[in-house]
>>> print(open('work14.cif').read())   # mmCIF, N, CA and C atoms and all ligand atoms
data_query
#
loop_
_atom_site.group_PDB
_atom_site.id
_atom_site.type_symbol
_atom_site.label_atom_id
_atom_site.label_comp_id
_atom_site.auth_asym_id
_atom_site.auth_seq_id
_atom_site.Cartn_x
_atom_site.Cartn_y
_atom_site.Cartn_z
ATOM 1 N N MET A 1 0.867 -1.202 0.000
ATOM 2 C CA MET A 1 0.000 0.000 0.000
ATOM 3 C C MET A 1 0.891 1.235 0.000
ATOM 4 N N LEU A 2 0.737 1.985 -1.008
ATOM 5 C CA LEU A 2 1.555 3.185 -1.159
ATOM 6 C C LEU A 2 0.637 4.391 -1.157
ATOM 7 N N ASN A 3 0.892 5.272 -0.228
ATOM 8 C CA ASN A 3 0.097 6.497 -0.200
ATOM 9 C C ASN A 3 0.869 7.617 -0.871
ATOM 10 N N ILE A 4 0.225 8.292 -1.781
ATOM 11 C CA ILE A 4 0.865 9.391 -2.482
ATOM 12 C C ILE A 4 0.255 10.690 -1.966
ATOM 13 N N PRO A 5 0.993 11.405 -1.123
ATOM 14 C CA PRO A 5 0.438 12.678 -0.628
ATOM 15 C C PRO A 5 0.232 13.657 -1.769
ATOM 16 N N GLN A 6 -0.819 14.444 -1.651
ATOM 17 C CA GLN A 6 -1.148 15.406 -2.705
ATOM 18 C C GLN A 6 0.004 16.379 -2.944
ATOM 19 N N ALA A 7 0.776 16.662 -1.867
ATOM 20 C CA ALA A 7 1.793 17.698 -1.983
ATOM 21 C C ALA A 7 3.038 17.221 -2.731
ATOM 22 N N GLU A 8 3.161 15.893 -2.918
ATOM 23 C CA GLU A 8 4.343 15.398 -3.613
ATOM 24 C C GLU A 8 4.388 15.932 -5.039
ATOM 25 N N PRO A 9 5.568 16.335 -5.464
ATOM 26 C CA PRO A 9 5.651 16.841 -6.837
ATOM 27 C C PRO A 9 5.424 15.732 -7.845
ATOM 28 N N TRP A 10 4.716 16.074 -8.895
ATOM 29 C CA TRP A 10 4.391 15.085 -9.924
ATOM 30 C C TRP A 10 5.651 14.469 -10.515
ATOM 31 N N SER A 11 6.687 15.264 -10.634
ATOM 32 C CA SER A 11 7.877 14.796 -11.344
ATOM 33 C C SER A 11 8.506 13.590 -10.671
ATOM 34 N N LYS A 12 8.202 13.394 -9.375
ATOM 35 C CA LYS A 12 8.743 12.246 -8.666
ATOM 36 C C LYS A 12 8.169 10.946 -9.235
ATOM 37 N N TYR A 13 6.974 10.995 -9.786
ATOM 38 C CA TYR A 13 6.298 9.798 -10.255
ATOM 39 C C TYR A 13 6.267 9.686 -11.769
ATOM 40 N N ALA A 14 6.401 10.785 -12.431
ATOM 41 C CA ALA A 14 6.325 10.740 -13.880
ATOM 42 C C ALA A 14 7.631 10.211 -14.445
ATOM 43 N N THR A 15 7.523 9.530 -15.566
ATOM 44 C CA THR A 15 8.725 9.116 -16.270
ATOM 45 C C THR A 15 8.821 9.939 -17.545
ATOM 46 N N GLY A 16 10.017 10.290 -17.910
ATOM 47 C CA GLY A 16 10.175 11.075 -19.123
ATOM 48 C C GLY A 16 9.916 12.548 -18.866
ATOM 49 N N ASP A 17 9.765 13.266 -19.924
ATOM 50 C CA ASP A 17 9.593 14.706 -19.852
ATOM 51 C C ASP A 17 8.190 15.036 -19.366
ATOM 52 N N PRO A 18 8.062 15.722 -18.199
ATOM 53 C CA PRO A 18 6.721 16.044 -17.704
ATOM 54 C C PRO A 18 5.970 17.021 -18.601
ATOM 55 N N ARG A 19 6.693 17.677 -19.499
ATOM 56 C CA ARG A 19 6.013 18.604 -20.418
ATOM 57 C C ARG A 19 5.495 17.896 -21.660
ATOM 58 N N ALA A 20 5.792 16.607 -21.769
ATOM 59 C CA ALA A 20 5.350 15.880 -22.958
ATOM 60 C C ALA A 20 3.827 15.830 -23.013
ATOM 61 N N LYS A 21 3.318 15.706 -24.202
ATOM 62 C CA LYS A 21 1.865 15.651 -24.381
ATOM 63 C C LYS A 21 1.282 14.399 -23.748
ATOM 64 N N CYS A 22 2.047 13.340 -23.781
ATOM 65 C CA CYS A 22 1.547 12.073 -23.277
ATOM 66 C C CYS A 22 2.244 11.775 -21.955
ATOM 67 N N ASN A 23 1.481 11.596 -20.907
ATOM 68 C CA ASN A 23 2.047 11.376 -19.590
ATOM 69 C C ASN A 23 1.810 9.934 -19.149
ATOM 70 N N ARG A 24 2.741 9.439 -18.383
ATOM 71 C CA ARG A 24 2.680 8.039 -17.988
ATOM 72 C C ARG A 24 2.968 7.947 -16.494
ATOM 73 N N ALA A 25 2.189 7.184 -15.789
ATOM 74 C CA ALA A 25 2.411 7.007 -14.364
ATOM 75 C C ALA A 25 2.115 5.566 -14.002
ATOM 76 N N ARG A 26 2.776 5.098 -12.970
ATOM 77 C CA ARG A 26 2.609 3.717 -12.542
ATOM 78 C C ARG A 26 2.297 3.724 -11.051
ATOM 79 N N VAL A 27 1.182 3.131 -10.670
ATOM 80 C CA VAL A 27 0.751 3.152 -9.271
ATOM 81 C C VAL A 27 0.201 1.781 -8.903
ATOM 82 N N PRO A 28 0.202 1.451 -7.607
ATOM 83 C CA PRO A 28 -0.447 0.207 -7.182
ATOM 84 C C PRO A 28 -1.940 0.259 -7.466
ATOM 85 N N LEU A 29 -2.521 -0.915 -7.701
ATOM 86 C CA LEU A 29 -3.907 -0.972 -8.145
ATOM 87 C C LEU A 29 -4.887 -0.490 -7.083
ATOM 88 N N GLU A 30 -4.484 -0.583 -5.781
ATOM 89 C CA GLU A 30 -5.438 -0.174 -4.741
ATOM 90 C C GLU A 30 -5.727 1.315 -4.808
ATOM 91 N N ASN A 31 -4.820 2.062 -5.417
ATOM 92 C CA ASN A 31 -4.986 3.506 -5.433
ATOM 93 C C ASN A 31 -5.648 3.968 -6.719
ATOM 94 N N ASP A 32 -6.304 5.105 -6.620
ATOM 95 C CA ASP A 32 -6.681 5.777 -7.847
ATOM 96 C C ASP A 32 -5.394 6.174 -8.556
ATOM 97 N N ALA A 33 -5.410 6.090 -9.853
ATOM 98 C CA ALA A 33 -4.210 6.384 -10.619
ATOM 99 C C ALA A 33 -4.086 7.896 -10.824
ATOM 100 N N ALA A 34 -2.917 8.420 -10.468
ATOM 101 C CA ALA A 34 -2.667 9.840 -10.685
ATOM 102 C C ALA A 34 -2.283 10.061 -12.144
ATOM 103 N N TYR A 35 -2.756 11.136 -12.698
ATOM 104 C CA TYR A 35 -2.364 11.487 -14.050
ATOM 105 C C TYR A 35 -2.247 12.994 -14.149
ATOM 106 N N LEU A 36 -1.554 13.409 -15.171
ATOM 107 C CA LEU A 36 -1.346 14.829 -15.408
ATOM 108 C C LEU A 36 -2.165 15.208 -16.631
ATOM 109 N N CYS A 37 -3.044 16.169 -16.469
ATOM 110 C CA CYS A 37 -3.883 16.568 -17.591
ATOM 111 C C CYS A 37 -3.011 17.155 -18.716
ATOM 112 N N PRO A 38 -3.146 16.624 -19.929
ATOM 113 C CA PRO A 38 -2.317 17.129 -21.033
ATOM 114 C C PRO A 38 -2.728 18.531 -21.475
ATOM 115 N N ARG A 39 -3.895 19.006 -21.054
ATOM 116 C CA ARG A 39 -4.352 20.327 -21.475
ATOM 117 C C ARG A 39 -3.996 21.404 -20.456
ATOM 118 N N CYS A 40 -4.307 21.148 -19.174
ATOM 119 C CA CYS A 40 -4.094 22.210 -18.181
ATOM 120 C C CYS A 40 -2.971 21.870 -17.209
ATOM 121 N N SER A 41 -2.371 20.678 -17.347
ATOM 122 C CA SER A 41 -1.225 20.261 -16.534
ATOM 123 C C SER A 41 -1.546 20.121 -15.058
ATOM 124 N N GLU A 42 -2.828 20.017 -14.720
ATOM 125 C CA GLU A 42 -3.190 19.772 -13.329
ATOM 126 C C GLU A 42 -3.119 18.268 -13.054
ATOM 127 N N GLN A 43 -2.686 17.930 -11.831
ATOM 128 C CA GLN A 43 -2.675 16.516 -11.466
ATOM 129 C C GLN A 43 -4.035 16.120 -10.924
ATOM 130 N N ASN A 44 -4.557 15.018 -11.436
ATOM 131 C CA ASN A 44 -5.842 14.499 -10.988
ATOM 132 C C ASN A 44 -5.716 13.008 -10.781
ATOM 133 N N PHE A 45 -6.808 12.413 -10.337
ATOM 134 C CA PHE A 45 -6.812 10.974 -10.092
ATOM 135 C C PHE A 45 -7.991 10.350 -10.822
ATOM 136 N N VAL A 46 -7.758 9.181 -11.353
ATOM 137 C CA VAL A 46 -8.829 8.465 -12.034
ATOM 138 C C VAL A 46 -8.894 7.060 -11.450
ATOM 139 N N ALA A 47 -10.114 6.603 -11.193
ATOM 140 C CA ALA A 47 -10.289 5.254 -10.648
ATOM 141 C C ALA A 47 -10.190 4.238 -11.772
ATOM 142 N N VAL A 48 -9.464 3.161 -11.506
ATOM 143 C CA VAL A 48 -9.315 2.098 -12.497
ATOM 144 C C VAL A 48 -10.066 0.868 -11.995
ATOM 145 N N ASP A 49 -10.937 0.342 -12.826
ATOM 146 C CA ASP A 49 -11.702 -0.848 -12.478
ATOM 147 C C ASP A 49 -10.983 -2.077 -13.043
ATOM 148 N N PRO A 50 -10.386 -2.896 -12.164
ATOM 149 C CA PRO A 50 -9.612 -4.044 -12.668
ATOM 150 C C PRO A 50 -10.471 -5.064 -13.399
ATOM 151 N N SER A 51 -11.787 -5.050 -13.167
ATOM 152 C CA SER A 51 -12.650 -6.007 -13.860
ATOM 153 C C SER A 51 -12.832 -5.629 -15.324
ATOM 154 N N GLY A 52 -12.344 -4.446 -15.690
ATOM 155 C CA GLY A 52 -12.465 -4.012 -17.073
ATOM 156 C C GLY A 52 -11.413 -4.618 -17.990
ATOM 157 N N GLY A 53 -10.510 -5.392 -17.421
ATOM 158 C CA GLY A 53 -9.497 -6.040 -18.256
ATOM 159 C C GLY A 53 -8.129 -5.447 -18.000
ATOM 160 N N ARG A 54 -7.109 -6.105 -18.534
ATOM 161 C CA ARG A 54 -5.736 -5.668 -18.292
ATOM 162 C C ARG A 54 -5.363 -4.469 -19.155
ATOM 163 N N ARG A 55 -6.054 -4.287 -20.232
ATOM 164 C CA ARG A 55 -5.824 -3.118 -21.079
ATOM 165 C C ARG A 55 -7.146 -2.419 -21.315
ATOM 166 N N GLN A 56 -7.168 -1.158 -20.990
ATOM 167 C CA GLN A 56 -8.417 -0.414 -21.121
ATOM 168 C C GLN A 56 -8.138 0.927 -21.778
ATOM 169 N N ARG A 57 -9.094 1.355 -22.559
ATOM 170 C CA ARG A 57 -9.051 2.702 -23.113
ATOM 171 C C ARG A 57 -10.388 3.362 -22.836
ATOM 172 N N PHE A 58 -10.332 4.550 -22.319
ATOM 173 C CA PHE A 58 -11.578 5.269 -22.073
ATOM 174 C C PHE A 58 -11.306 6.759 -22.083
ATOM 175 N N VAL A 59 -12.370 7.504 -22.194
ATOM 176 C CA VAL A 59 -12.265 8.958 -22.253
ATOM 177 C C VAL A 59 -13.036 9.544 -21.078
ATOM 178 N N GLU A 60 -12.381 10.452 -20.363
ATOM 179 C CA GLU A 60 -13.070 11.173 -19.291
ATOM 180 C C GLU A 60 -12.702 12.640 -19.380
ATOM 181 N N ASP A 61 -13.657 13.469 -18.980
ATOM 182 C CA ASP A 61 -13.388 14.899 -18.987
ATOM 183 C C ASP A 61 -12.522 15.268 -17.791
ATOM 184 N N CYS A 62 -11.574 16.164 -18.013
ATOM 185 C CA CYS A 62 -10.749 16.688 -16.931
ATOM 186 C C CYS A 62 -11.645 17.464 -15.968
ATOM 187 N N PRO A 63 -11.564 17.174 -14.653
ATOM 188 C CA PRO A 63 -12.399 17.909 -13.696
ATOM 189 C C PRO A 63 -11.987 19.367 -13.538
ATOM 190 N N VAL A 64 -10.811 19.716 -14.031
ATOM 191 C CA VAL A 64 -10.315 21.087 -13.872
ATOM 192 C C VAL A 64 -10.660 21.934 -15.106
ATOM 193 N N CYS A 65 -10.259 21.456 -16.283
ATOM 194 C CA CYS A 65 -10.441 22.275 -17.489
ATOM 195 C C CYS A 65 -11.567 21.748 -18.388
ATOM 196 N N CYS A 66 -12.163 20.611 -18.015
ATOM 197 C CA CYS A 66 -13.335 20.059 -18.714
ATOM 198 C C CYS A 66 -13.036 19.595 -20.142
ATOM 199 N N ASN A 67 -11.770 19.496 -20.505
ATOM 200 C CA ASN A 67 -11.449 18.946 -21.817
ATOM 201 C C ASN A 67 -11.425 17.421 -21.737
ATOM 202 N N PRO A 68 -11.854 16.748 -22.795
ATOM 203 C CA PRO A 68 -11.818 15.289 -22.785
ATOM 204 C C PRO A 68 -10.381 14.781 -22.871
ATOM 205 N N ILE A 69 -10.079 13.798 -22.044
ATOM 206 C CA ILE A 69 -8.749 13.196 -22.024
ATOM 207 C C ILE A 69 -8.900 11.718 -22.358
ATOM 208 N N GLN A 70 -8.045 11.244 -23.226
ATOM 209 C CA GLN A 70 -8.068 9.820 -23.538
ATOM 210 C C GLN A 70 -7.066 9.095 -22.648
ATOM 211 N N PHE A 71 -7.535 8.057 -21.986
ATOM 212 C CA PHE A 71 -6.687 7.265 -21.102
ATOM 213 C C PHE A 71 -6.410 5.916 -21.736
ATOM 214 N N ALA A 72 -5.167 5.497 -21.621
ATOM 215 C CA ALA A 72 -4.792 4.129 -21.963
ATOM 216 C C ALA A 72 -4.243 3.516 -20.685
ATOM 217 N N VAL A 73 -4.949 2.515 -20.164
ATOM 218 C CA VAL A 73 -4.595 1.925 -18.882
ATOM 219 C C VAL A 73 -4.131 0.493 -19.104
ATOM 220 N N MET A 74 -3.049 0.138 -18.448
ATOM 221 C CA MET A 74 -2.554 -1.231 -18.530
ATOM 222 C C MET A 74 -2.265 -1.728 -17.120
ATOM 223 N N ILE A 75 -2.750 -2.914 -16.787
ATOM 224 C CA ILE A 75 -2.460 -3.517 -15.488
ATOM 225 C C ILE A 75 -1.395 -4.575 -15.711
ATOM 226 N N ASP A 76 -0.255 -4.390 -15.047
ATOM 227 C CA ASP A 76 0.855 -5.304 -15.319
ATOM 228 C C ASP A 76 0.799 -6.533 -14.415
ATOM 229 N N ARG A 77 1.772 -7.419 -14.578
ATOM 230 C CA ARG A 77 1.775 -8.691 -13.857
ATOM 231 C C ARG A 77 1.786 -8.503 -12.352
ATOM 232 N N ASP A 78 2.397 -7.421 -11.876
ATOM 233 C CA ASP A 78 2.481 -7.184 -10.445
ATOM 234 C C ASP A 78 1.208 -6.559 -9.887
ATOM 235 N N GLY A 79 0.252 -6.274 -10.747
ATOM 236 C CA GLY A 79 -0.972 -5.635 -10.306
ATOM 237 C C GLY A 79 -0.863 -4.131 -10.234
ATOM 238 N N ASP A 80 0.245 -3.608 -10.716
ATOM 239 C CA ASP A 80 0.370 -2.159 -10.782
ATOM 240 C C ASP A 80 -0.332 -1.643 -12.029
ATOM 241 N N VAL A 81 -0.723 -0.392 -11.956
ATOM 242 C CA VAL A 81 -1.451 0.211 -13.065
ATOM 243 C C VAL A 81 -0.549 1.218 -13.766
ATOM 244 N N VAL A 82 -0.477 1.104 -15.071
ATOM 245 C CA VAL A 82 0.238 2.090 -15.866
ATOM 246 C C VAL A 82 -0.802 2.912 -16.604
ATOM 247 N N VAL A 83 -0.773 4.218 -16.387
ATOM 248 C CA VAL A 83 -1.764 5.102 -16.987
ATOM 249 C C VAL A 83 -1.084 6.055 -17.945
ATOM 250 N N GLU A 84 -1.606 6.133 -19.138
ATOM 251 C CA GLU A 84 -1.170 7.161 -20.067
ATOM 252 C C GLU A 84 -2.350 8.069 -20.325
ATOM 253 N N SER A 85 -2.108 9.368 -20.245
ATOM 254 C CA SER A 85 -3.161 10.323 -20.559
ATOM 255 C C SER A 85 -2.705 11.159 -21.740
ATOM 256 N N ALA A 86 -3.613 11.378 -22.661
ATOM 257 C CA ALA A 86 -3.269 12.123 -23.857
ATOM 258 C C ALA A 86 -4.466 12.957 -24.279
ATOM 259 N N GLU A 87 -4.180 14.014 -24.999
ATOM 260 C CA GLU A 87 -5.263 14.802 -25.563
ATOM 261 C C GLU A 87 -6.064 13.932 -26.508
ATOM 262 N N LEU A 88 -7.363 14.082 -26.454
ATOM 263 C CA LEU A 88 -8.221 13.315 -27.326
ATOM 264 C C LEU A 88 -8.046 13.820 -28.761
ATOM 265 N N ALA A 89 -7.698 12.905 -29.634
ATOM 266 C CA ALA A 89 -7.533 13.281 -31.041
ATOM 267 C C ALA A 89 -8.892 13.606 -31.639
ATOM 268 N N THR A 90 -8.988 14.720 -32.294
ATOM 269 C CA THR A 90 -10.274 15.119 -32.871
ATOM 270 C C THR A 90 -10.220 15.037 -34.383
HETATM 271 ZN ZN ZN B 101 -7.334 19.695 -17.540
#
>>> encode(input="work14.cif", output="structure tokens")
Amino acid sequence: MLNIPQAEPWSKYATGDPRAKCNRARVPLENDAAYLCPRCSEQNFVAVDPSGGRRQRFVEDCPVCCNPIQFAVMIDRDGDVVVESAELAT
């Protein structure tokens, strides 16, 4: 069980360039997955339903800027969740 305090800087968890359009984070499945909005760069959390399969794609609106974000979620062998958030291609 890993608790991620809200005050922790995103860069501690992000891999690669945090300014990239596509953000990737890896968290234990018990937690909501943190992601960085590709439009407004705010950190938010999205709940992942493991019954939805090991690979999921879905679209949810950012609670901050209300733009649709496309999520690509992968649950790995260890039960960790890898979340990619990207601007929805129009
Ligand atoms: Zn946003």
>>> resolve_selection(input="work14.cif", expression="the PyMOL selection byres (((not hetatm)) within 7 of (chain B and resi 101))", output="ChimeraX atom specification")
/A:36-42,61-67
>>> residues_around(input="work14.cif", residues="Val73 of chain A", least_positions_apart="6", cutoff="6.5 Å", atoms="all atoms listed in the file", output="PyMOL selection string")
chain A and resi 54-58+81-84
>>> atom_distance(input="work14.cif", atom1="atom CA of Glu87 of chain A", atom2="atom CA of Phe45 of chain A")
16.0 Å
>>> atom_distance(input="work14.cif", atom1="atom N of Gly53 of chain A", atom2="atom C of Asp80 of chain A")
12.1 Å
>>> atom_distance(input="work14.cif", atom1="atom CA of Tyr35 of chain A", atom2="atom CA of Ile75 of chain A")
15.1 Å
>>> residues_near_point(input="work14.cif", point="(-3.5, 10.4, -22.8)", cutoff="7 Å", atoms="all atoms listed in the file", output="list in words")
Lys21, Cys22, Asn23, Pro38, Ile69, Gln70, Phe71, Ala72, Val83, Glu84, Ser85, Ala86, Glu87 and Leu88 of chain A
>>> closest_residue(input="work14.cif", among="A:Gly52, A:Ala47, A:Pro68, A:Asp78", to="Ala34 of chain A", atoms="all atoms listed in the file")
A:Ala47
>>> select_by_dssp(input="work14.cif", residues="segment 16-82 of chain A", states="strand (DSSP E)", output="number ranges by chain")
A: 23-28, 33-36, 43-46, 55-61, 68-75, 80-82
